[in-house]
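Data first, discussion second: the structure below is written as structure tokens.
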Amino acid sequence: MSEMVEAVRLRRLVVTDLGEGGVVRILRRPLDLAAPEMEAVTEIVAAVAKEGDAAVLRYTALFDGVELTPERLRVAPEEFKAARAEVPPAFVAAVRQARERIAAYHERQKHGSWVMAPGDGSQLGQQVTPLSRVGVYVPGGTAPLASSVLMNAVPARVAGVESVALATPPDREGRVNPYILVAAEEAGVNEVYRVGGAQAVAALAFGTRTIPRVDKITGPGNIYVTLAKKLVYGQVGIDLLAGPSEVAVVADATANPRLVAADLLSQAEHDLRSVAVLFTPELGLVERVEAELATQLAELPRAGTAARALAAQGAVVVTPDLETAVRLADAFAPEHLELLVAEPGRWLPEVKHAGTVFLGAYAPEPVGDYLAGTNHILPTGGTARFASGLSVDDFMRKTSFVSLTPEALARLAPAIETLAEVEGLTAHARAVRIRLEGGK
């Protein structure tokens, strides 16, 4: 049964009234890293770093309502077998189809090692190697995010990561969702731990007697998970600090209002903080979209969540023309950008700041969430201005190397010594000079 919702009217921002800068300022949604949750997260991370398993078990009991022992933290082989019996064959087939498409797309991102020889007796290069061990976080919450398992683990495997550990919160009986377990097995995850929240991030970062530490943590989560990732950065690497999910739709007069409304709702139903914004020069389209939102909300099981998200973070930006709509959507730097316009390919070169761009009526954002093959772990909160989505590069390390002949070092030495002396680093200069003196 769907939840009851009232009529929908999105907040309207008119460019001619506010100016482009005013619109972007009003729509800005920075991640609140000074949130009141930070105090609690700091305490949790510190406790896990100091106490290990004992703190992990204590916070799991407190937040997830389940008493575990260290031996039960890691999911046992028989639980994977039982999970297989619980999920329908159609799910396994869908996971495998998604896995293959994700793997194929991410294979194209791989870069090998290289060497350059300028011809002066020097050799310079870059050695590209995979990370050894990665921790993947997958939220529990209101839905089993099996797709997030694939989006994290498959690129790691493509990169050549030796060991992938997954952490996800248990239910009240201490079970891990069977859909997540099957997806993990299909994606090549080596270990699954029934622990969530900030305590999971801290355990992966510092290591405990039961949970070996990792080199990097990837995957989205709630504010506690995000803040914990921020705190442990430096102890381990992280992918990004993920905020609420968001979509921006650019629509012209050819856009179908049913599709626009459906795509706005596909993000608004995530949670109360989800962001959905329509950019359009067509005022008549706005009214038809709002009518469609009301109609479609009445059919959604998560109607209350979607309606409240639209009321709080939903908006329509009315622009004088389509070019301005595209320019403003790009300045908004959304996680997902849909171009529901007559010639989407024409406008793609104008987009510089978006996690993923979806072109035309037949490429809705949910395709990217599940089966396109592109990654759905993307920069949010405007961070697409400088950040990219999760990729094979996130699971690789790049090591530079240098080789010189004695003659090459002699040619470079005067400039090296000059720069070192200017900086007052005499030992740097001496380390070069002493070689030219035959090591004496």
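Residues in the structure tokens are numbered from 1 in each chain, the chains being A, B, ... in the order shown, and ligands are numbered from 1 in the order shown.
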Pick out the residues sitting within 8 Å of region 140-151 of chain A, and hand them over as a list in words; count only C-alpha atoms, and ignore anything fewer than 2 positions along from it in its own chain.
->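 My reading of the contact set: Val95, Ala98, Arg99, Ile102, Val136, Val138, Ala153, Val154, Pro155, Thr168, Pro169, Pro170, Asn177, Tyr179, Ile180, Ala183, Ala184, Ala187, Gly196, Gly219, Asp369, Tyr370, Asn375, His376 and Ile377 of chain A.
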All residues 10 Å or closer to Phe332 (chain A), only C-alpha atoms, same chain fewer than 2 positions away omitted, as number ranges by chain = A: 23-25, 27-29, 248, 277, 326-330, 334-335, 337, 353-354, 381-385
Which of these residues is nearest to Val45 (chain A), using only C-alpha atoms: A:Gln97, A:Gln235, A:Thr129, A:Asn190?
->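 Looking only at the distances to Val45 (chain A), the closest residue turns out to be A:Gln235.
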Can you check which residues of region 197-388 of chain A DSSP gives as strand (DSSP E) on the backbone and send them as a PyMOL selection string?
-> chain A and resi 216-218+237-238+246-251+275-280+315-318+336-340+356-359
Determine the nearest neighbour of Val341 (chain A) from the options A:Gln127, A:Ala205, A:Pro281, A:Lys229, counting only C-alpha atoms.
-> A:Pro281
Mind dumping a table of every region 234-298 of chain A residue within 10 Å of region 7-20 of chain A, with the nearest atom pair and its distance in Å to one decimal, using only C-alpha atoms, sorted by chain and rising number, as a Markdown table?
| residue | atom | partner | partner_atom | distance |
| --- | --- | --- | --- | --- |
| A:Ala276 | CA | A:Leu10 | CA | 9.8 |
| A:Val277 | CA | A:Leu10 | CA | 9.0 |
| A:Leu278 | CA | A:Leu10 | CA | 9.3 |
| A:Phe279 | CA | A:Leu13 | CA | 9.5 |
| A:Pro281 | CA | A:Val14 | CA | 9.6 |
| A:Val286 | CA | A:Leu10 | CA | 8.8 |
| A:Glu287 | CA | A:Arg9 | CA | 8.5 |
| A:Val289 | CA | A:Arg9 | CA | 9.5 |
| A:Glu290 | CA | A:Val8 | CA | 5.9 |
| A:Ala291 | CA | A:Val8 | CA | 7.4 |
| A:Glu292 | CA | A:Val8 | CA | 9.1 |
| A:Leu293 | CA | A:Val8 | CA | 6.6 |
| A:Ala294 | CA | A:Ala7 | CA | 5.6 |
| A:Thr295 | CA | A:Ala7 | CA | 8.9 |
| A:Leu297 | CA | A:Val8 | CA | 9.1 |
| A:Ala298 | CA | A:Ala7 | CA | 9.8 |
With N, CA and C atoms kept, could you save the residues just selected as an mmCIF file, in the first residue's frame?
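Listing of part.cif after writing:
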data_model
loop_
_atom_site.group_PDB
_atom_site.id
_atom_site.type_symbol
_atom_site.label_atom_id
_atom_site.label_comp_id
_atom_site.auth_asym_id
_atom_site.auth_seq_id
_atom_site.Cartn_x
_atom_site.Cartn_y
_atom_site.Cartn_z
ATOM 1 N N ALA A 276 16.591 16.347 -6.157
ATOM 2 C CA ALA A 276 16.075 16.200 -7.519
ATOM 3 C C ALA A 276 15.727 17.582 -8.058
ATOM 4 N N VAL A 277 16.377 17.978 -9.150
ATOM 5 C CA VAL A 277 16.201 19.326 -9.695
ATOM 6 C C VAL A 277 15.959 19.243 -11.199
ATOM 7 N N LEU A 278 14.970 19.992 -11.668
ATOM 8 C CA LEU A 278 14.655 20.095 -13.090
ATOM 9 C C LEU A 278 15.112 21.452 -13.609
ATOM 10 N N PHE A 279 15.866 21.442 -14.710
ATOM 11 C CA PHE A 279 16.283 22.665 -15.379
ATOM 12 C C PHE A 279 15.581 22.717 -16.733
ATOM 13 N N PRO A 281 13.594 25.566 -19.898
ATOM 14 C CA PRO A 281 13.053 26.855 -20.306
ATOM 15 C C PRO A 281 11.548 26.803 -20.551
ATOM 16 N N VAL A 286 6.716 22.395 -16.721
ATOM 17 C CA VAL A 286 6.802 22.313 -15.258
ATOM 18 C C VAL A 286 5.463 21.913 -14.669
ATOM 19 N N GLU A 287 4.403 22.528 -15.110
ATOM 20 C CA GLU A 287 3.076 22.223 -14.559
ATOM 21 C C GLU A 287 2.665 20.794 -14.873
ATOM 22 N N VAL A 289 4.754 18.298 -15.345
ATOM 23 C CA VAL A 289 5.604 17.425 -14.527
ATOM 24 C C VAL A 289 5.067 17.343 -13.108
ATOM 25 N N GLU A 290 4.648 18.469 -12.545
ATOM 26 C CA GLU A 290 4.105 18.454 -11.180
ATOM 27 C C GLU A 290 2.843 17.614 -11.099
ATOM 28 N N ALA A 291 2.005 17.659 -12.126
ATOM 29 C CA ALA A 291 0.800 16.818 -12.147
ATOM 30 C C ALA A 291 1.187 15.341 -12.196
ATOM 31 N N GLU A 292 2.202 15.034 -12.980
ATOM 32 C CA GLU A 292 2.669 13.660 -13.075
ATOM 33 C C GLU A 292 3.297 13.174 -11.772
ATOM 34 N N LEU A 293 4.002 14.055 -11.095
ATOM 35 C CA LEU A 293 4.587 13.681 -9.812
ATOM 36 C C LEU A 293 3.499 13.239 -8.835
ATOM 37 N N ALA A 294 2.425 13.997 -8.774
ATOM 38 C CA ALA A 294 1.327 13.645 -7.865
ATOM 39 C C ALA A 294 0.716 12.304 -8.249
ATOM 40 N N THR A 295 0.526 12.095 -9.536
ATOM 41 C CA THR A 295 -0.071 10.838 -10.004
ATOM 42 C C THR A 295 0.831 9.650 -9.687
ATOM 43 N N LEU A 297 3.368 9.483 -7.519
ATOM 44 C CA LEU A 297 3.585 9.308 -6.081
ATOM 45 C C LEU A 297 2.505 8.437 -5.460
ATOM 46 N N ALA A 298 1.294 8.581 -5.945
ATOM 47 C CA ALA A 298 0.180 7.809 -5.388
ATOM 48 C C ALA A 298 0.355 6.315 -5.585
#
Find the spatial neighbours of region 257-270 of chain A, counting only C-alpha atoms, within a cut-off of 7 Å - ignore same-chain residues fewer than 4 positions away - and output them as a PyMOL selection string.
-> chain A and resi 245-247+274-276+285+288-289+292-293+302+305-306+309-310+364
Taking into account only C-alpha atoms, which residue in the set A:Leu166, A:Val392, A:Val41, A:Leu181 is nearest to Glu78 (chain A)?
-> A:Leu181
Got a sec: who's within 9 Å of Ala410 (chain A), counting only C-alpha atoms, leaving out chain neighbours fewer than 3 positions off, as a ChimeraX atom specification?
-> /A:405-407,413-414,432-433,435-436
Selection above as a file: N, CA and C atoms, as a short mmCIF file (atom, residue, chain, number, x, y, z; two decimals), in the first residue's frame:
data_model
loop_
_atom_site.label_atom_id
_atom_site.label_comp_id
_atom_site.auth_asym_id
_atom_site.auth_seq_id
_atom_site.Cartn_x
_atom_site.Cartn_y
_atom_site.Cartn_z
N THR A 405 72.57 7.12 -16.25
CA THR A 405 73.98 6.75 -16.43
C THR A 405 74.85 7.80 -15.74
N PRO A 406 76.13 7.51 -15.48
CA PRO A 406 77.02 8.53 -14.89
C PRO A 406 77.07 9.80 -15.73
N GLU A 407 77.08 9.64 -17.05
CA GLU A 407 77.14 10.80 -17.94
C GLU A 407 75.87 11.64 -17.83
N ALA A 413 73.66 17.55 -13.11
CA ALA A 413 74.16 17.96 -11.80
C ALA A 413 74.19 19.47 -11.57
N PRO A 414 74.70 20.29 -12.50
CA PRO A 414 74.76 21.73 -12.21
C PRO A 414 73.40 22.34 -11.86
N VAL A 432 74.55 14.51 -4.89
CA VAL A 432 74.84 14.44 -6.32
C VAL A 432 76.33 14.61 -6.57
N ARG A 433 76.94 15.61 -5.95
CA ARG A 433 78.34 15.95 -6.21
C ARG A 433 79.28 14.81 -5.86
N ARG A 435 78.91 11.72 -6.06
CA ARG A 435 78.92 10.68 -7.09
C ARG A 435 79.82 11.09 -8.27
N LEU A 436 79.80 12.37 -8.56
CA LEU A 436 80.63 12.85 -9.67
C LEU A 436 82.10 12.86 -9.29
#
Kindly indicate which residue among A:Ala200, A:Gln126, A:Val182, A:His111 lies nearest to Pro139 (chain A), using only C-alpha atoms for the distances.
->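 Closest to Pro139 (chain A), using only C-alpha atoms: A:Ala200.
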Between CA of Val225 (chain A) and CA of Ala165 (chain A) - distance in Å to one decimal =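 One can read the CA of Ala165 (chain A) to CA of Val225 (chain A) distance as 16.2 Å.
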What are the DSSP alpha helix (DSSP H) residues of region 114-253 of chain A, as a ChimeraX atom specification?
-> /A:146-159,178-187,197-206,223-232
File dump, residues just selected, C-alpha atoms, as a PDB file, in the first residue's frame:
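Writing the result to selection02.pdb gives the following:
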ATOM      1  CA  ALA A 146      23.378  -5.741  -4.089  1.00  0.00           C
ATOM      2  CA  SER A 147      24.243  -3.430  -6.971  1.00  0.00           C
ATOM      3  CA  SER A 148      26.688  -1.546  -4.747  1.00  0.00           C
ATOM      4  CA  VAL A 149      28.502  -4.814  -4.061  1.00  0.00           C
ATOM      5  CA  LEU A 150      29.129  -5.185  -7.788  1.00  0.00           C
ATOM      6  CA  MET A 151      30.079  -1.539  -8.330  1.00  0.00           C
ATOM      7  CA  ASN A 152      32.802  -1.783  -5.673  1.00  0.00           C
ATOM      8  CA  ALA A 153      34.121  -5.306  -6.002  1.00  0.00           C
ATOM      9  CA  VAL A 154      34.111  -5.836  -9.767  1.00  0.00           C
ATOM     10  CA  PRO A 155      36.403  -2.861 -10.586  1.00  0.00           C
ATOM     11  CA  ALA A 156      38.702  -3.983  -7.765  1.00  0.00           C
ATOM     12  CA  ARG A 157      38.922  -7.425  -9.299  1.00  0.00           C
ATOM     13  CA  VAL A 158      39.463  -5.968 -12.767  1.00  0.00           C
ATOM     14  CA  ALA A 159      42.330  -3.929 -11.320  1.00  0.00           C
ATOM     15  CA  PRO A 178      21.137 -13.202   1.273  1.00  0.00           C
ATOM     16  CA  TYR A 179      21.043 -10.960  -1.814  1.00  0.00           C
ATOM     17  CA  ILE A 180      24.181  -9.186  -0.646  1.00  0.00           C
ATOM     18  CA  LEU A 181      25.915 -12.493   0.068  1.00  0.00           C
ATOM     19  CA  VAL A 182      25.136 -13.896  -3.369  1.00  0.00           C
ATOM     20  CA  ALA A 183      26.224 -10.684  -5.075  1.00  0.00           C
ATOM     21  CA  ALA A 184      29.452 -10.724  -3.046  1.00  0.00           C
ATOM     22  CA  GLU A 185      30.233 -14.275  -4.061  1.00  0.00           C
ATOM     23  CA  GLU A 186      29.489 -13.555  -7.711  1.00  0.00           C
ATOM     24  CA  ALA A 187      31.670 -10.423  -7.626  1.00  0.00           C
ATOM     25  CA  GLY A 197      28.433   1.892  10.548  1.00  0.00           C
ATOM     26  CA  ALA A 198      31.461   3.810  11.786  1.00  0.00           C
ATOM     27  CA  GLN A 199      32.698   0.730  13.658  1.00  0.00           C
ATOM     28  CA  ALA A 200      32.997  -1.182  10.372  1.00  0.00           C
ATOM     29  CA  VAL A 201      35.023   1.594   8.765  1.00  0.00           C
ATOM     30  CA  ALA A 202      37.325   1.805  11.778  1.00  0.00           C
ATOM     31  CA  ALA A 203      37.798  -1.973  11.890  1.00  0.00           C
ATOM     32  CA  LEU A 204      38.777  -2.079   8.227  1.00  0.00           C
ATOM     33  CA  ALA A 205      41.104   0.892   8.650  1.00  0.00           C
ATOM     34  CA  PHE A 206      42.956  -0.165  11.803  1.00  0.00           C
ATOM     35  CA  ILE A 223      26.478  10.160   7.616  1.00  0.00           C
ATOM     36  CA  TYR A 224      28.205   8.015  10.287  1.00  0.00           C
ATOM     37  CA  VAL A 225      30.001   5.979   7.643  1.00  0.00           C
ATOM     38  CA  THR A 226      30.967   9.082   5.670  1.00  0.00           C
ATOM     39  CA  LEU A 227      32.352  10.880   8.709  1.00  0.00           C
ATOM     40  CA  ALA A 228      34.247   7.757   9.767  1.00  0.00           C
ATOM     41  CA  LYS A 229      35.840   7.554   6.310  1.00  0.00           C
ATOM     42  CA  LYS A 230      36.933  11.153   6.677  1.00  0.00           C
ATOM     43  CA  LEU A 231      38.501  10.412  10.075  1.00  0.00           C
ATOM     44  CA  VAL A 232      40.457   7.337   8.960  1.00  0.00           C
TER      45      VAL A 232
END
Dump as JSON lines the rows for residues of region 158-223 of chain A within 9 Å of region 393-404 of chain A: closest atom pair and distance in Å with one decimal, only C-alpha atoms counted, ordered by chain and rising residue number.
{"residue": "A:Ala159", "atom": "CA", "partner": "A:Phe395", "partner_atom": "CA", "distance": 6.1}
{"residue": "A:Gly160", "atom": "CA", "partner": "A:Phe395", "partner_atom": "CA", "distance": 8.2}
{"residue": "A:Val161", "atom": "CA", "partner": "A:Phe395", "partner_atom": "CA", "distance": 7.0}
{"residue": "A:Lys216", "atom": "CA", "partner": "A:Phe395", "partner_atom": "CA", "distance": 8.1}
{"residue": "A:Thr218", "atom": "CA", "partner": "A:Asp394", "partner_atom": "CA", "distance": 8.8}
